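The block underneath contains the structure these notes are about, expressed in structure tokens.
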Amino acid sequence: MQSSKYVQSNMQDCYKQIRKFLREGRKVAFCGTPCQTAGLNSFLGKIDKSNLISICLICHGVPSPGVWNRWKNVLEKKYKGLLVDVNMRDKSYKGYSTSYVRYKFNFKPDNNGSVKKSQTSTNLRNVGMPTFLSDPYIFLFTDDLYLRHSCYHCQYKADQNAADIIVGDYYKSTSEAGNNGCSCVFAMNEKGDKIINKLCGKVIPTDYRTIGSVNNMLWCSVTENPRRSDFFKRYSFDNESSEKLFTDFLPIRFKVKRLLYQFGLFNVTSKIINSIKNK
């Protein structure tokens, strides 16, 4: 469940496996997006679900797998290696306050000079950059440029959610949450409530409305980016794995943020803006 993916998951035969396990009397915990959880419940129909724990994420939306593959090709071309691992929100460097996207590449050539997959540590190289300040793919995801059409009118927000438990980001300042960040978890029914009451660790009670006030994706759908159709027209005609497909759609605010970061002024500027907002 850990690590953010920022791409649509491939369910393959997941639902069929869950149905098989439940029929065998096995306990199953499933975690997915709200629509995947609703899809699972619909697929299972009248099967006894007493052994199933369904968990869903507070979901921003899912981007096109085709767009991710195009970005993956851009990265492999740019860094001349085979992408073998991705962590979109690596907090091991600067923690929650400045998460990094980490791309791991393989550089072992085969006999023809092409790069082939190998997990030998000497052939691997990490490329890291601040998640929301330097990576065009992730920034345009948060700018709602290439999400699925259904994500802009999600039918599974808040009370329409079919899960037992909802988990997600609980956006608090680092002074309140520490530099490891803070997550929220809450029950949608009695089964979920019993499970949450057994949780260990540091648990701070809060309420549904407070969570929604700091993460409105709990009950709101994102707004479609007005340039979405223009992007996909370019995407359809531009078969090259060109970084310009992404950078041409970056708004001015991204470019300003990136410049501020490069000159070491981003954190100072952010503090000044936040202090003005809080007055």
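In the structure tokens, chains take the letters A, B, ... in the order shown, each chain's residues start at 1, and ligands count up from 1 in the order shown.
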| field | Contacts of Tyr79 of chain A within 10 Å, only C-alpha atoms, excl. fewer than 5 positions in-chain, as a VMD selection string | value | chain A and resid 74 105 to 107 125 127
| Residues within 12 Å of Val185 of chain A, only C-alpha atoms, excluding chain neighbours under 3 positions, as number ranges by chain | A: 55-58, 163-170, 182, 188, 192-193, 195-197, 199, 203-208, 211, 218
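With distances restricted to only C-alpha atoms, A:Thr37 is the closest residue to Ser54 of chain A from A:Thr98, A:Ser92, A:Gln12, A:Thr37.
Atom to atom, atom CA of Glu224 of chain A and atom CA of Gly212 of chain A stand 20.4 Å apart.
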| task | Based on DSSP run over this structure's backbone, return all residues of segment 10-136 of chain A in helix (DSSP H, G or I), as a PyMOL selection string. | result | chain A and resi 14-23+34-44+65-79+95-98+121-123+131-134+136
Same residues, C-alpha atoms, output as a compact mmCIF listing (two decimals), in the first residue's frame:
# COMPACT_ATOMS: atom_id res chain seq x y z
CA CYS A 14 -7.37 -9.47 -8.88
CA TYR A 15 -11.18 -9.61 -8.51
CA LYS A 16 -11.29 -13.28 -9.55
CA GLN A 17 -8.57 -14.16 -7.03
CA ILE A 18 -10.47 -12.38 -4.25
CA ARG A 19 -13.67 -14.24 -5.14
CA LYS A 20 -11.76 -17.54 -5.10
CA PHE A 21 -10.17 -16.79 -1.70
CA LEU A 22 -13.51 -15.79 -0.16
CA ARG A 23 -15.15 -18.99 -1.41
CA PRO A 34 -13.02 4.21 -4.59
CA CYS A 35 -14.19 3.13 -8.06
CA GLN A 36 -12.11 -0.06 -7.87
CA THR A 37 -13.66 -0.86 -4.48
CA ALA A 38 -17.15 -0.27 -5.87
CA GLY A 39 -16.26 -2.46 -8.85
CA LEU A 40 -15.13 -5.25 -6.52
CA ASN A 41 -18.38 -5.14 -4.54
CA SER A 42 -20.38 -5.26 -7.77
CA PHE A 43 -18.28 -8.16 -9.10
CA LEU A 44 -18.69 -10.21 -5.92
CA PRO A 65 -1.28 4.62 -18.49
CA GLY A 66 -0.40 5.61 -22.06
CA VAL A 67 0.80 9.02 -20.90
CA TRP A 68 2.92 7.38 -18.19
CA ASN A 69 4.52 5.08 -20.79
CA ARG A 70 5.31 8.11 -22.93
CA TRP A 71 6.96 9.83 -19.94
CA LYS A 72 8.85 6.64 -19.10
CA ASN A 73 10.24 6.62 -22.65
CA VAL A 74 11.26 10.28 -22.26
CA LEU A 75 13.19 9.44 -19.08
CA GLU A 76 14.93 6.40 -20.55
CA LYS A 77 15.95 8.41 -23.60
CA LYS A 78 17.15 11.34 -21.47
CA TYR A 79 19.18 9.31 -18.96
CA GLY A 95 11.19 14.05 4.75
CA TYR A 96 7.59 15.15 4.37
CA SER A 97 8.39 18.84 3.86
CA THR A 98 10.13 18.24 0.51
CA SER A 121 23.83 -2.69 -7.75
CA THR A 122 26.88 -1.56 -9.75
CA ASN A 123 24.67 -1.15 -12.83
CA THR A 131 8.47 15.86 -6.55
CA PHE A 132 6.37 18.95 -7.20
CA LEU A 133 9.12 21.40 -8.16
CA SER A 134 11.10 19.64 -10.87
CA PRO A 136 6.77 17.79 -15.21
| said: Among segment 24-165 of chain A, which residues does DSSP mark as strand (DSSP E) when it is run on the backbone? Keep the chain and numbering as in the structure and answer as a PyMOL selection string. | reply: chain A and resi 28-32+52-57+82-90+100-106+124-130+165
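Going from atom CA of Thr247 of chain A over to atom CA of Lys233 of chain A, you cover 15.2 Å.
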Give me, as a tab-separated table, the closest atom pair and its distance (Å, one decimal) for every residue of segment 68-100 of chain A within a cut-off of 9 Å of segment 5-9 of chain A, counting only C-alpha atoms, rows sorted by chain and rising number.
residue	atom	partner	partner_atom	distance
A:Trp68	CA	A:Val7	CA	6.7
A:Val86	CA	A:Lys5	CA	8.3
A:Asn87	CA	A:Lys5	CA	7.5
A:Met88	CA	A:Lys5	CA	6.5
A:Arg89	CA	A:Lys5	CA	8.7
Env of Cys151 of chain A: 9 Å cut, atoms = only C-alpha atoms, seq-sep filter 5 positions within chain, self excluded. Answer as a PDB file with N, CA and C atoms, in the first residue's frame.
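Once written, out_21.pdb looks like this:
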ATOM      1  N   HIS A  60      -7.273  11.440  -5.737  1.00  0.00           N
ATOM      2  CA  HIS A  60      -7.222  12.661  -6.552  1.00  0.00           C
ATOM      3  C   HIS A  60      -7.719  12.382  -7.964  1.00  0.00           C
ATOM      4  N   GLY A  61      -7.489  11.159  -8.432  1.00  0.00           N
ATOM      5  CA  GLY A  61      -7.808  10.768  -9.803  1.00  0.00           C
ATOM      6  C   GLY A  61      -6.668   9.929 -10.350  1.00  0.00           C
ATOM      7  N   VAL A  62      -6.908   9.233 -11.460  1.00  0.00           N
ATOM      8  CA  VAL A  62      -5.855   8.392 -12.035  1.00  0.00           C
ATOM      9  C   VAL A  62      -5.532   8.864 -13.448  1.00  0.00           C
ATOM     10  N   SER A 221     -14.641  16.185  -6.581  1.00  0.00           N
ATOM     11  CA  SER A 221     -13.906  15.762  -7.772  1.00  0.00           C
ATOM     12  C   SER A 221     -13.026  16.914  -8.247  1.00  0.00           C
ATOM     13  N   VAL A 222     -11.942  16.579  -8.921  1.00  0.00           N
ATOM     14  CA  VAL A 222     -11.079  17.618  -9.483  1.00  0.00           C
ATOM     15  C   VAL A 222     -11.775  18.264 -10.685  1.00  0.00           C
ATOM     16  N   THR A 223     -11.328  19.461 -11.043  1.00  0.00           N
ATOM     17  CA  THR A 223     -11.867  20.174 -12.198  1.00  0.00           C
ATOM     18  C   THR A 223     -10.997  19.897 -13.416  1.00  0.00           C
ATOM     19  N   GLU A 224     -11.631  19.584 -14.520  1.00  0.00           N
ATOM     20  CA  GLU A 224     -10.880  19.254 -15.735  1.00  0.00           C
ATOM     21  C   GLU A 224     -10.051  20.446 -16.199  1.00  0.00           C
TER      22      GLU A 224
END
